[in-house]
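As provided, start.txt (compact mmCIF, C-alpha atoms) reads as follows.
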# COMPACT_ATOMS: atom_id res chain seq x y z
CA MET A 1 -17.95 -31.29 -9.03
CA THR A 2 -18.51 -27.73 -10.19
CA GLY A 3 -16.57 -25.60 -12.64
CA LYS A 4 -15.13 -23.58 -9.80
CA LYS A 5 -11.43 -22.88 -9.89
CA THR A 6 -9.32 -24.12 -7.02
CA ILE A 7 -7.04 -21.80 -5.08
CA ALA A 8 -4.03 -23.31 -3.31
CA LEU A 9 -2.62 -21.10 -0.56
CA ILE A 10 1.07 -21.96 -0.22
CA GLY A 11 2.06 -21.31 3.38
CA GLY A 12 -1.60 -20.60 4.01
CA THR A 13 -1.41 -21.11 7.76
CA GLY A 14 0.37 -17.79 8.40
CA ASN A 15 -0.91 -14.25 8.88
CA GLU A 16 -2.77 -13.54 5.64
CA GLY A 17 -3.62 -17.07 4.50
CA PRO A 18 -6.55 -17.94 6.77
CA GLY A 19 -8.37 -14.62 6.20
CA LEU A 20 -7.96 -14.82 2.43
CA ALA A 21 -9.02 -18.48 2.42
CA ALA A 22 -12.13 -17.76 4.48
CA ARG A 23 -13.15 -14.86 2.25
CA TRP A 24 -12.63 -16.79 -0.98
CA ALA A 25 -14.45 -19.84 0.35
CA ALA A 26 -17.33 -17.69 1.66
CA SER A 27 -17.67 -16.00 -1.75
CA GLY A 28 -18.87 -19.32 -3.17
CA GLN A 29 -16.75 -18.71 -6.26
CA TYR A 30 -13.72 -20.89 -5.50
CA ARG A 31 -12.64 -24.14 -3.96
CA VAL A 32 -9.92 -23.38 -1.44
CA ILE A 33 -6.99 -25.44 -0.19
CA ILE A 34 -4.75 -24.39 2.68
CA GLY A 35 -1.20 -25.56 2.07
CA SER A 36 1.54 -25.99 4.64
CA ARG A 37 4.84 -27.78 4.98
CA GLN A 38 3.05 -30.05 7.50
CA THR A 39 -0.16 -31.81 6.52
CA GLY A 40 -1.43 -31.82 10.10
CA LYS A 41 -1.05 -28.06 10.45
CA ALA A 42 -2.81 -27.46 7.12
CA GLU A 43 -5.70 -29.70 8.18
CA ARG A 44 -5.97 -28.00 11.58
CA VAL A 45 -6.10 -24.48 10.09
CA ALA A 46 -8.60 -25.61 7.42
CA ALA A 47 -10.80 -27.05 10.19
CA GLU A 48 -10.62 -23.73 12.09
CA ILE A 49 -11.71 -21.82 9.00
CA ASN A 50 -14.56 -24.27 8.36
CA ALA A 51 -15.71 -23.88 11.96
CA LYS A 52 -15.75 -20.12 11.52
CA LEU A 53 -17.65 -20.40 8.24
CA GLY A 54 -20.06 -23.02 9.62
CA ASP A 55 -19.54 -25.12 6.52
CA ASN A 56 -17.00 -27.61 5.24
CA LEU A 57 -15.50 -25.52 2.44
CA VAL A 58 -11.73 -25.53 2.94
CA THR A 59 -9.34 -28.47 2.90
CA GLY A 60 -5.78 -28.74 4.15
CA LEU A 61 -2.89 -30.37 2.28
CA VAL A 62 0.88 -30.33 2.24
CA ASN A 63 2.10 -27.48 -0.06
CA GLU A 64 3.12 -29.75 -2.97
CA ALA A 65 -0.26 -31.52 -3.06
CA ALA A 66 -2.11 -28.23 -2.65
CA VAL A 67 -0.32 -26.71 -5.65
CA GLU A 68 -0.93 -29.84 -7.70
CA ALA A 69 -4.66 -29.67 -6.99
CA GLY A 70 -4.90 -25.91 -7.54
CA ASP A 71 -5.57 -23.85 -10.64
CA ILE A 72 -4.25 -20.68 -8.99
CA ALA A 73 -1.51 -20.71 -6.36
CA VAL A 74 -1.30 -17.90 -3.81
CA LEU A 75 1.99 -17.48 -1.95
CA THR A 76 1.74 -16.14 1.60
CA VAL A 77 5.06 -16.85 3.28
CA PRO A 78 7.51 -14.52 5.05
CA TYR A 79 10.15 -13.12 2.72
CA SER A 80 12.82 -15.17 4.48
CA ALA A 81 11.13 -18.33 3.14
CA HIS A 82 10.28 -16.91 -0.30
CA GLN A 83 13.17 -18.20 -2.39
CA ALA A 84 13.38 -21.70 -0.85
CA THR A 85 9.62 -22.25 -1.00
CA LEU A 86 9.44 -21.29 -4.68
CA ALA A 87 12.50 -23.32 -5.62
CA GLY A 88 10.94 -26.39 -3.99
CA LEU A 89 7.62 -25.96 -5.82
CA LYS A 90 8.99 -24.82 -9.17
CA GLU A 91 8.06 -27.98 -11.09
CA LYS A 92 4.58 -28.27 -9.60
CA LEU A 93 3.83 -24.61 -10.41
CA GLN A 94 4.59 -24.85 -14.15
CA GLY A 95 1.60 -23.82 -16.26
CA LYS A 96 -0.20 -22.20 -13.36
CA ILE A 97 -0.79 -18.67 -12.12
CA LEU A 98 1.09 -17.66 -8.98
CA VAL A 99 -0.26 -14.71 -6.99
CA ASP A 100 2.63 -13.51 -4.85
CA VAL A 101 1.60 -11.74 -1.64
CA THR A 102 5.13 -11.64 -0.23
CA VAL A 103 6.50 -8.38 1.15
CA PRO A 104 10.29 -8.11 1.41
CA LEU A 105 10.36 -6.62 4.89
CA ALA A 106 13.75 -6.39 6.58
CA PRO A 107 13.26 -7.03 10.32
CA PRO A 108 13.68 -5.33 12.71
CA ARG A 109 13.28 -2.17 10.57
CA VAL A 110 9.94 -3.20 9.08
CA SER A 111 8.77 0.36 8.52
CA GLN A 112 11.70 1.16 6.21
CA VAL A 113 11.36 0.28 2.56
CA LYS A 114 13.99 -2.26 1.55
CA ILE A 115 14.28 -3.18 -2.11
CA PRO A 116 15.37 -6.79 -2.65
CA PRO A 117 18.20 -7.70 -5.03
CA GLY A 118 15.79 -8.80 -7.79
CA GLY A 119 13.90 -5.49 -7.79
CA SER A 120 10.84 -6.86 -5.97
CA ALA A 121 9.70 -10.15 -4.47
CA GLY A 122 7.35 -10.53 -7.43
CA GLN A 123 10.16 -10.22 -9.96
CA GLU A 124 12.31 -12.58 -7.92
CA ALA A 125 9.48 -15.15 -7.99
CA GLN A 126 9.25 -14.86 -11.77
CA ALA A 127 13.02 -15.25 -12.10
CA ILE A 128 13.02 -18.39 -9.92
CA LEU A 129 10.01 -19.99 -11.61
CA GLY A 130 10.78 -19.11 -15.23
CA PRO A 131 8.41 -18.15 -18.04
CA GLY A 132 6.18 -21.23 -17.57
CA VAL A 133 4.54 -19.66 -14.51
CA ARG A 134 2.55 -16.45 -14.76
CA VAL A 135 3.42 -14.43 -11.66
CA VAL A 136 1.12 -11.69 -10.40
CA SER A 137 1.91 -9.55 -7.37
CA ALA A 138 -1.06 -8.53 -5.19
CA PHE A 139 -2.66 -8.23 -1.72
CA GLN A 140 0.42 -6.78 0.02
CA ASN A 141 -1.40 -3.83 1.57
CA VAL A 142 -4.43 -5.50 3.13
CA GLY A 143 -3.86 -6.13 6.81
CA ALA A 144 -4.46 -9.59 8.28
CA ALA A 145 -6.86 -8.17 10.88
CA HIS A 146 -9.10 -6.82 8.11
CA LEU A 147 -8.99 -10.09 6.17
CA GLU A 148 -10.00 -12.17 9.16
CA ASP A 149 -13.03 -10.02 9.93
CA ILE A 150 -14.83 -11.65 7.03
CA ASP A 151 -18.23 -10.03 7.50
CA HIS A 152 -16.86 -6.55 6.89
CA PRO A 153 -15.86 -4.95 3.60
CA ILE A 154 -12.24 -3.81 3.48
CA ASP A 155 -11.42 -0.14 3.00
CA CYS A 156 -8.26 -0.90 1.06
CA ASP A 157 -7.58 -1.40 -2.63
CA VAL A 158 -5.46 -4.24 -3.96
CA LEU A 159 -2.78 -3.16 -6.44
CA VAL A 160 -2.26 -5.93 -8.98
CA CYS A 161 1.02 -6.01 -10.93
CA GLY A 162 1.94 -8.51 -13.61
CA ASP A 163 3.04 -9.03 -17.18
CA ASP A 164 0.17 -11.34 -18.24
CA LYS A 165 -3.25 -9.76 -18.76
CA GLU A 166 -5.27 -12.93 -18.15
CA ALA A 167 -3.40 -13.68 -14.93
CA LYS A 168 -3.94 -10.12 -13.75
CA ALA A 169 -7.66 -10.43 -14.49
CA GLU A 170 -7.75 -13.59 -12.32
CA ALA A 171 -6.06 -11.72 -9.46
CA ILE A 172 -8.45 -8.78 -9.81
CA ALA A 173 -11.34 -11.26 -9.61
CA LEU A 174 -9.76 -12.73 -6.47
CA ALA A 175 -9.57 -9.24 -4.96
CA GLU A 176 -13.26 -8.64 -5.67
CA ALA A 177 -14.21 -12.06 -4.25
CA ALA A 178 -12.32 -11.14 -1.06
CA GLY A 179 -14.39 -7.97 -0.65
CA THR A 180 -11.76 -5.51 -1.87
CA ARG A 181 -11.25 -3.61 -5.09
CA GLY A 182 -8.53 -4.92 -7.39
CA ILE A 183 -6.73 -2.37 -9.55
CA ASP A 184 -4.40 -3.07 -12.46
CA ALA A 185 -1.21 -1.32 -11.32
CA GLY A 186 0.89 -2.15 -14.36
CA PRO A 187 3.72 -4.56 -15.15
CA LEU A 188 5.41 -6.86 -12.64
CA GLN A 189 8.28 -4.39 -12.19
CA ASN A 190 5.76 -2.02 -10.53
CA ALA A 191 5.38 -4.55 -7.69
CA VAL A 192 8.17 -2.70 -5.88
CA VAL A 193 5.66 0.05 -5.12
CA ALA A 194 2.92 -2.20 -3.71
CA GLU A 195 5.48 -4.17 -1.70
CA GLY A 196 7.19 -1.01 -0.42
CA LEU A 197 3.86 0.54 0.52
CA THR A 198 3.47 -2.15 3.16
CA ALA A 199 6.54 -0.85 5.00
CA VAL A 200 5.15 2.69 4.70
CA LEU A 201 1.78 1.53 6.07
CA ILE A 202 3.46 -0.28 8.99
CA GLY A 203 5.15 3.00 9.90
CA ILE A 204 1.83 4.84 9.63
CA ASN A 205 0.22 2.19 11.86
CA ILE A 206 2.92 2.78 14.48
CA ARG A 207 2.76 6.58 14.36
CA HIS A 208 -1.05 6.71 14.35
CA LYS A 209 -1.48 3.84 16.84
CA VAL A 210 -3.79 1.91 14.51
CA LYS A 211 -3.61 -1.62 13.15
CA GLY A 212 -4.87 -1.53 9.63
CA ALA A 213 -3.90 1.55 7.63
CA GLY A 214 -4.48 0.90 3.94
CA ILE A 215 -4.68 2.72 0.61
CA LYS A 216 -7.37 3.70 -1.83
CA ILE A 217 -6.90 4.94 -5.35
CA THR A 218 -8.92 8.14 -5.85
CA GLY A 219 -10.21 9.81 -8.99
CA ILE A 220 -11.24 6.67 -10.90
CA MET B 1 7.09 42.55 6.80
CA THR B 2 5.34 39.69 8.47
CA GLY B 3 6.76 36.59 10.13
CA LYS B 4 5.61 34.47 7.22
CA LYS B 5 8.09 31.98 5.84
CA THR B 6 9.10 32.34 2.22
CA ILE B 7 8.83 29.44 -0.21
CA ALA B 8 11.10 29.43 -3.25
CA LEU B 9 9.89 27.16 -6.06
CA ILE B 10 12.97 26.10 -8.03
CA GLY B 11 11.86 25.45 -11.59
CA GLY B 12 8.48 26.77 -10.51
CA THR B 13 7.31 27.58 -14.04
CA GLY B 14 6.71 23.92 -14.96
CA ASN B 15 3.75 21.58 -14.42
CA GLU B 16 3.37 21.52 -10.63
CA GLY B 17 4.98 24.83 -9.67
CA PRO B 18 2.26 27.34 -10.60
CA GLY B 19 -0.54 25.33 -8.92
CA LEU B 20 1.46 24.84 -5.72
CA ALA B 21 2.51 28.50 -5.71
CA ALA B 22 -1.07 29.70 -6.16
CA ARG B 23 -2.36 27.46 -3.38
CA TRP B 24 0.37 28.46 -0.93
CA ALA B 25 -0.04 32.15 -1.72
CA ALA B 26 -3.84 31.92 -1.43
CA SER B 27 -3.51 30.24 1.99
CA GLY B 28 -2.15 33.50 3.37
CA GLN B 29 0.46 31.53 5.31
CA TYR B 30 3.52 31.97 3.10
CA ARG B 31 5.31 34.40 0.86
CA VAL B 32 5.91 32.68 -2.47
CA ILE B 33 8.63 33.13 -5.07
CA ILE B 34 8.57 31.45 -8.47
CA GLY B 35 12.11 30.59 -9.55
CA SER B 36 13.28 29.90 -13.08
CA ARG B 37 16.54 29.82 -15.00
CA GLN B 38 15.27 32.95 -16.78
CA THR B 39 14.15 35.96 -14.75
CA GLY B 40 11.68 37.03 -17.43
CA LYS B 41 9.93 33.66 -17.44
CA ALA B 42 9.71 33.63 -13.65
CA GLU B 43 8.21 37.13 -13.65
CA ARG B 44 5.73 36.23 -16.38
CA VAL B 45 4.48 33.10 -14.56
CA ALA B 46 4.29 34.99 -11.25
CA ALA B 47 2.18 37.67 -12.97
CA GLU B 48 -0.15 34.98 -14.37
CA ILE B 49 -0.63 33.52 -10.90
CA ASN B 50 -1.27 36.97 -9.42
CA ALA B 51 -3.86 37.67 -12.12
CA LYS B 52 -5.58 34.40 -11.25
CA LEU B 53 -5.50 35.20 -7.53
CA GLY B 54 -6.58 38.81 -8.07
CA ASP B 55 -3.83 39.97 -5.76
CA ASN B 56 -0.12 40.66 -5.99
CA LEU B 57 1.15 37.80 -3.84
CA VAL B 58 3.77 35.95 -5.90
CA THR B 59 7.08 37.27 -7.23
CA GLY B 60 9.38 35.85 -9.89
CA LEU B 61 13.16 35.58 -9.62
CA VAL B 62 16.00 33.64 -11.17
CA ASN B 63 16.46 30.33 -9.28
CA GLU B 64 19.59 31.40 -7.37
CA ALA B 65 17.99 34.59 -6.07
CA ALA B 66 14.76 32.75 -5.26
CA VAL B 67 16.61 30.19 -3.14
CA GLU B 68 18.60 32.92 -1.42
CA ALA B 69 15.39 34.73 -0.45
CA GLY B 70 13.56 31.56 0.59
CA ASP B 71 13.32 29.76 3.92
CA ILE B 72 12.03 26.61 2.26
CA ALA B 73 12.99 25.58 -1.26
CA VAL B 74 10.66 23.36 -3.30
CA LEU B 75 12.14 21.59 -6.30
CA THR B 76 9.78 21.00 -9.25
CA VAL B 77 11.94 20.13 -12.23
CA PRO B 78 11.86 17.13 -14.58
CA TYR B 79 14.13 14.31 -13.41
CA SER B 80 16.43 14.93 -16.39
CA ALA B 81 17.31 18.34 -14.85
CA HIS B 82 17.41 17.12 -11.22
CA GLN B 83 21.13 16.53 -10.74
CA ALA B 84 22.38 19.59 -12.62
CA THR B 85 19.89 21.94 -10.97
CA LEU B 86 20.82 20.77 -7.47
CA ALA B 87 24.56 20.85 -8.17
CA GLY B 88 24.23 24.46 -9.33
CA LEU B 89 22.28 25.53 -6.24
CA LYS B 90 24.17 23.48 -3.66
CA GLU B 91 25.86 26.41 -1.92
CA LYS B 92 22.74 28.59 -1.85
CA LEU B 93 20.69 25.74 -0.35
CA GLN B 94 22.96 25.12 2.66
CA GLY B 95 21.09 25.48 5.94
CA LYS B 96 17.68 25.33 4.29
CA ILE B 97 14.94 22.76 3.85
CA LEU B 98 14.53 21.33 0.35
CA VAL B 99 11.19 19.73 -0.50
CA ASP B 100 11.85 17.52 -3.50
CA VAL B 101 8.83 16.91 -5.73
CA THR B 102 10.84 15.21 -8.47
CA VAL B 103 9.65 11.89 -9.89
CA PRO B 104 12.27 9.79 -11.69
CA LEU B 105 10.10 8.91 -14.67
CA ALA B 106 11.83 7.21 -17.59
CA PRO B 107 10.18 8.45 -20.83
CA PRO B 108 8.65 7.08 -22.93
CA ARG B 109 7.68 4.32 -20.47
CA VAL B 110 6.30 6.70 -17.85
CA SER B 111 3.85 4.16 -16.43
CA GLN B 112 6.64 1.74 -15.48
CA VAL B 113 8.37 2.21 -12.16
CA LYS B 114 12.06 2.96 -12.68
CA ILE B 115 14.28 3.15 -9.63
CA PRO B 116 17.15 5.62 -10.04
CA PRO B 117 20.75 4.69 -9.20
CA GLY B 118 20.65 6.50 -5.84
CA GLY B 119 17.53 4.62 -4.62
CA SER B 120 15.17 7.55 -5.16
CA ALA B 121 15.34 11.13 -6.42
CA GLY B 122 14.99 12.28 -2.80
CA GLN B 123 18.04 10.29 -1.69
CA GLU B 124 19.98 11.49 -4.72
CA ALA B 125 19.18 15.10 -3.77
CA GLN B 126 20.44 14.49 -0.24
CA ALA B 127 23.63 12.90 -1.58
CA ILE B 128 24.28 15.85 -3.92
CA LEU B 129 23.53 18.53 -1.31
CA GLY B 130 25.20 16.96 1.71
CA PRO B 131 24.11 16.98 5.36
CA GLY B 132 23.79 20.80 5.50
CA VAL B 133 20.46 20.64 3.64
CA ARG B 134 17.45 18.85 5.10
CA VAL B 135 15.78 17.06 2.19
CA VAL B 136 12.14 16.03 2.35
CA SER B 137 10.38 14.17 -0.44
CA ALA B 138 6.71 15.06 -1.02
CA PHE B 139 3.88 16.03 -3.44
CA GLN B 140 4.75 13.46 -6.12
CA ASN B 141 1.24 12.03 -6.39
CA VAL B 142 -0.88 15.16 -6.71
CA GLY B 143 -1.67 15.86 -10.34
CA ALA B 144 -1.01 19.30 -11.82
CA ALA B 145 -4.64 19.63 -12.96
CA HIS B 146 -5.83 19.26 -9.36
CA LEU B 147 -3.27 21.75 -8.07
CA GLU B 148 -4.27 24.41 -10.60
CA ASP B 149 -7.95 24.18 -9.74
CA ILE B 150 -7.26 26.13 -6.57
CA ASP B 151 -10.84 26.52 -5.35
CA HIS B 152 -11.29 22.78 -4.97
CA PRO B 153 -9.96 20.51 -2.24
CA ILE B 154 -7.75 17.70 -3.52
CA ASP B 155 -8.79 14.08 -3.00
CA CYS B 156 -5.19 12.90 -2.68
CA ASP B 157 -2.88 12.55 0.29
CA VAL B 158 0.72 13.74 0.25
CA LEU B 159 3.24 11.17 1.46
CA VAL B 160 6.10 12.98 3.20
CA CYS B 161 9.43 11.16 3.56
CA GLY B 162 12.52 12.53 5.27
CA ASP B 163 15.11 11.98 7.96
CA ASP B 164 14.56 15.27 9.85
CA LYS B 165 11.40 15.60 11.93
CA GLU B 166 11.20 19.38 11.86
CA ALA B 167 11.65 19.47 8.09
CA LYS B 168 8.95 16.82 7.70
CA ALA B 169 6.61 18.88 9.88
CA GLU B 170 7.21 21.89 7.59
CA ALA B 171 6.35 19.78 4.54
CA ILE B 172 3.21 18.44 6.21
CA ALA B 173 2.19 22.04 6.96
CA LEU B 174 2.81 22.87 3.28
CA ALA B 175 0.54 19.98 2.28
CA GLU B 176 -2.24 21.23 4.54
CA ALA B 177 -1.82 24.81 3.25
CA ALA B 178 -2.21 23.46 -0.29
CA GLY B 179 -5.54 21.84 0.58
CA THR B 180 -4.29 18.27 0.86
CA ARG B 181 -3.48 15.97 3.79
CA GLY B 182 0.20 15.45 4.53
CA ILE B 183 1.18 12.11 6.02
CA ASP B 184 4.52 11.19 7.58
CA ALA B 185 5.56 8.23 5.43
CA GLY B 186 8.85 7.50 7.18
CA PRO B 187 12.51 8.05 6.38
CA LEU B 188 13.89 9.48 3.14
CA GLN B 189 14.63 5.98 1.83
CA ASN B 190 10.84 5.43 1.68
CA ALA B 191 10.63 8.13 -1.02
CA VAL B 192 11.03 5.35 -3.60
CA VAL B 193 7.42 4.36 -2.89
CA ALA B 194 5.90 7.82 -3.26
CA GLU B 195 7.97 8.45 -6.39
CA GLY B 196 7.12 5.05 -7.87
CA LEU B 197 3.44 5.52 -7.13
CA THR B 198 3.38 8.34 -9.67
CA ALA B 199 4.26 5.91 -12.46
CA VAL B 200 1.57 3.53 -11.17
CA LEU B 201 -0.97 6.38 -11.12
CA ILE B 202 -0.02 7.45 -14.67
CA GLY B 203 -0.78 3.89 -15.80
CA ILE B 204 -4.10 3.96 -13.94
CA ASN B 205 -4.93 7.32 -15.58
CA ILE B 206 -4.29 5.77 -19.00
CA ARG B 207 -6.27 2.58 -18.37
CA HIS B 208 -9.21 4.38 -16.73
CA LYS B 209 -9.14 7.35 -19.14
CA VAL B 210 -8.92 9.87 -16.29
CA LYS B 211 -6.44 12.65 -15.60
CA GLY B 212 -5.94 12.78 -11.89
CA ALA B 213 -5.92 9.41 -10.12
CA GLY B 214 -4.46 9.82 -6.64
CA ILE B 215 -4.13 7.96 -3.35
CA LYS B 216 -5.64 8.18 0.11
CA ILE B 217 -4.41 6.45 3.22
CA THR B 218 -7.32 4.67 4.90
CA GLY B 219 -7.79 3.50 8.47
CA ILE B 220 -6.21 6.49 10.23
Can the structure from this file be put into structure tokens for me?
Amino acid sequence: MTGKKTIALIGGTGNEGPGLAARWAASGQYRVIIGSRQTGKAERVAAEINAKLGDNLVTGLVNEAAVEAGDIAVLTVPYSAHQATLAGLKEKLQGKILVDVTVPLAPPRVSQVKIPPGGSAGQEAQAILGPGVRVVSAFQNVGAAHLEDIDHPIDCDVLVCGDDKEAKAEAIALAEAAGTRGIDAGPLQNAVVAEGLTAVLIGINIRHKVKGAGIKITGI
Amino acid sequence: MTGKKTIALIGGTGNEGPGLAARWAASGQYRVIIGSRQTGKAERVAAEINAKLGDNLVTGLVNEAAVEAGDIAVLTVPYSAHQATLAGLKEKLQGKILVDVTVPLAPPRVSQVKIPPGGSAGQEAQAILGPGVRVVSAFQNVGAAHLEDIDHPIDCDVLVCGDDKEAKAEAIALAEAAGTRGIDAGPLQNAVVAEGLTAVLIGINIRHKVKGAGIKITGI
């Protein structure tokens, strides 16, 4: 065994999970576990990623076991499953870092910014999990199509919001390992901006007939 | 007289007003009026801009007279003066386009996103002014230092949010005339993102020891 940290992708079989998993595994810097509610689905998606990578780097586990084995948990579920998923994993997540990728989109109007009752999905995660979990909000603005094309760098920055410096540094390192640039965007309450930007970018995608509009911070 | 439209900068003697006024006047596409609560101050700032431009292009008037003479009003006041300024100019603004540049910062914590009671300053402006004024939210993310350096292009996009297409097109044209790129960022309710981004960028300025961090939309 190496000293590598293990990333557990909760709900990692969805849109963003497989691309992030492949990039982190390919970086050689992390062990990666795909989590799902169904073990079989997690194993199948992990096998697909390994086939793509040409190496046996990713494993699949049910979410609870994935979180238990992980040092850093990354949450990639639709907003409709956000609260229930976190409530179910609350005990297993204590003491860990949770990187929340969730965007509170409000279908069918997914290009209109909708602020959730707790201020942002990131703040809602922190409220559900309590102070024993260090929540960081990140990766909302990087399109799935870009993530999956693992041989290409991504022309999109990752805004990282959180109240714990060490946890933010871990998320910034994850952004770099995924081939993006991670930028400290302030406290967790600023997550509303990164989350809301996704709705703005979806609208820009529609109006410009493109798939992966993103953002870059200039002047730094 | 030409067919040029006239821009009235309400509170145009502050941080963003003079730079925007100089850029719009220098573009040759607009007549520009600096508005202020005090006529003398408006005239003084207009004279400073004209001296910088080497031409007599900008005039100074008290806010009410500026709005009356303008086709498009641009609001550049601190958030603390937002509500009172708009309430006082409500009648004069009827039938016009208002481009709201206001950012609801909450001093002293100006790098923390603070969402105002009405959802965003842009939505609050629309609520105060009523349906007879077409409110567009724009220019929140372009730093004053960049605006004032009028011979240089600005490496920052302008997110334009509004519920009226024609008014948004006018604001996008204003962005282009100022040497930036204007991007339709969706309905007025999306203004919360552009406004909140300013707090995020202030934090990035502080952490990176720079003055003018901005944003660019990629992939379009």
Q | 7 Å contacts from chain A to chain B using only C-alpha atoms, as a list in words | A | Gln112, Val113, Asp155, Cys156, Ala185, Gly186, Pro187, Gln189, Asn190, Val193, Gly196, Leu197, Val200, Gly203, Ile204, His208, Val210, Gly212, Ala213, Gly214, Ile215, Lys216, Ile217, Thr218, Gly219 and Ile220 of chain A
Q. Given the choices A:Gly122, A:Gly28, A:Pro18, A:Pro78, which gets closest to Leu57 in chain A if the distance is worked out from all atoms listed in the file?
A. A:Gly28
Test item: axis-aligned box, all listed atoms of range 79-88 of chain A, 3 Å on each side, centre and edges in Å rounded to one decimal, as lines of an AutoDock Vina configuration file:
center_x = 11.4
center_y = -19.8
center_z = -0.6
size_x = 9.9
size_y = 19.3
size_z = 16.1
**Q.** For Asp100 in chain A, the nearest of the candidates A:Thr85, A:Asn50, A:Gln140, A:Thr6, counting only C-alpha atoms
**A.**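 Smallest separation from Asp100 in chain A among the options: A:Gln140.
For the residues A:Ala178, A:Val101, A:Ala125, A:Ile150, ranking by smallest atom-to-atom distance to Ile49 in chain A using all atoms listed in the file places A:Ile150 first.
With only C-alpha atoms as the atoms that count, the residue of B:Gly95, B:Gly130, B:Pro153, B:Pro116 with the shortest distance to Tyr79 in chain B is B:Pro116.
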(Q) To one decimal place in Å, what is the distance between CA of Arg181 in chain A and CA of Val158 in chain A? (A)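 Interatomic distance, CA of Arg181 in chain A to CA of Val158 in chain A: 5.9 Å.
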(Q) The residues within 7 Å of (1.8, 18.1, 5.5), using all atoms listed in the file and the coordinates of the file, should be reported as a ChimeraX atom specification; which are they? (A) /B:158,169-176,181-183
Q.
Using Å and a single decimal, report how far CA of Gln94 in chain B sits from CA of Gly132 in chain B.
A.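 If I compute the distance from CA of Gly132 in chain B to CA of Gln94 in chain B, I get 5.2 Å.
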Could N, CA, C and O atoms be built for range 170-181 of chain A and written out as a PDB file, in the coordinates of the input?
ATOM      1  N   GLU A 170      -7.430 -12.588 -13.364  1.00  0.00           N
ATOM      2  CA  GLU A 170      -7.750 -13.590 -12.320  1.00  0.00           C
ATOM      3  C   GLU A 170      -7.496 -13.012 -10.936  1.00  0.00           C
ATOM      4  O   GLU A 170      -8.281 -13.212 -10.002  1.00  0.00           O
ATOM      5  N   ALA A 171      -6.385 -12.288 -10.772  1.00  0.00           N
ATOM      6  CA  ALA A 171      -6.060 -11.720  -9.460  1.00  0.00           C
ATOM      7  C   ALA A 171      -7.030 -10.603  -9.086  1.00  0.00           C
ATOM      8  O   ALA A 171      -7.395 -10.455  -7.912  1.00  0.00           O
ATOM      9  N   ILE A 172      -7.461  -9.836 -10.086  1.00  0.00           N
ATOM     10  CA  ILE A 172      -8.450  -8.780  -9.810  1.00  0.00           C
ATOM     11  C   ILE A 172      -9.771  -9.416  -9.382  1.00  0.00           C
ATOM     12  O   ILE A 172     -10.431  -8.941  -8.461  1.00  0.00           O
ATOM     13  N   ALA A 173     -10.131 -10.535 -10.024  1.00  0.00           N
ATOM     14  CA  ALA A 173     -11.340 -11.260  -9.610  1.00  0.00           C
ATOM     15  C   ALA A 173     -11.198 -11.794  -8.185  1.00  0.00           C
ATOM     16  O   ALA A 173     -12.144 -11.762  -7.386  1.00  0.00           O
ATOM     17  N   LEU A 174     -10.007 -12.268  -7.841  1.00  0.00           N
ATOM     18  CA  LEU A 174      -9.760 -12.730  -6.470  1.00  0.00           C
ATOM     19  C   LEU A 174      -9.915 -11.586  -5.467  1.00  0.00           C
ATOM     20  O   LEU A 174     -10.443 -11.784  -4.363  1.00  0.00           O
ATOM     21  N   ALA A 175      -9.448 -10.403  -5.847  1.00  0.00           N
ATOM     22  CA  ALA A 175      -9.570  -9.240  -4.960  1.00  0.00           C
ATOM     23  C   ALA A 175     -11.049  -8.920  -4.721  1.00  0.00           C
ATOM     24  O   ALA A 175     -11.475  -8.691  -3.581  1.00  0.00           O
ATOM     25  N   GLU A 176     -11.824  -8.932  -5.793  1.00  0.00           N
ATOM     26  CA  GLU A 176     -13.260  -8.640  -5.670  1.00  0.00           C
ATOM     27  C   GLU A 176     -13.940  -9.699  -4.808  1.00  0.00           C
ATOM     28  O   GLU A 176     -14.742  -9.380  -3.932  1.00  0.00           O
ATOM     29  N   ALA A 177     -13.596 -10.969  -5.024  1.00  0.00           N
ATOM     30  CA  ALA A 177     -14.210 -12.060  -4.250  1.00  0.00           C
ATOM     31  C   ALA A 177     -13.862 -11.948  -2.763  1.00  0.00           C
ATOM     32  O   ALA A 177     -14.613 -12.408  -1.907  1.00  0.00           O
ATOM     33  N   ALA A 178     -12.734 -11.316  -2.463  1.00  0.00           N
ATOM     34  CA  ALA A 178     -12.320 -11.140  -1.060  1.00  0.00           C
ATOM     35  C   ALA A 178     -12.926  -9.889  -0.434  1.00  0.00           C
ATOM     36  O   ALA A 178     -12.669  -9.600   0.734  1.00  0.00           O
ATOM     37  N   GLY A 179     -13.738  -9.155  -1.203  1.00  0.00           N
ATOM     38  CA  GLY A 179     -14.390  -7.970  -0.650  1.00  0.00           C
ATOM     39  C   GLY A 179     -13.555  -6.706  -0.737  1.00  0.00           C
ATOM     40  O   GLY A 179     -13.789  -5.742   0.001  1.00  0.00           O
ATOM     41  N   THR A 180     -12.576  -6.706  -1.650  1.00  0.00           N
ATOM     42  CA  THR A 180     -11.760  -5.510  -1.870  1.00  0.00           C
ATOM     43  C   THR A 180     -11.943  -5.074  -3.316  1.00  0.00           C
ATOM     44  O   THR A 180     -12.697  -5.690  -4.073  1.00  0.00           O
ATOM     45  N   ARG A 181     -11.240  -4.028  -3.703  1.00  0.00           N
ATOM     46  CA  ARG A 181     -11.250  -3.610  -5.090  1.00  0.00           C
ATOM     47  C   ARG A 181      -9.863  -3.866  -5.670  1.00  0.00           C
ATOM     48  O   ARG A 181      -8.865  -3.396  -5.130  1.00  0.00           O
TER      49      ARG A 181
END
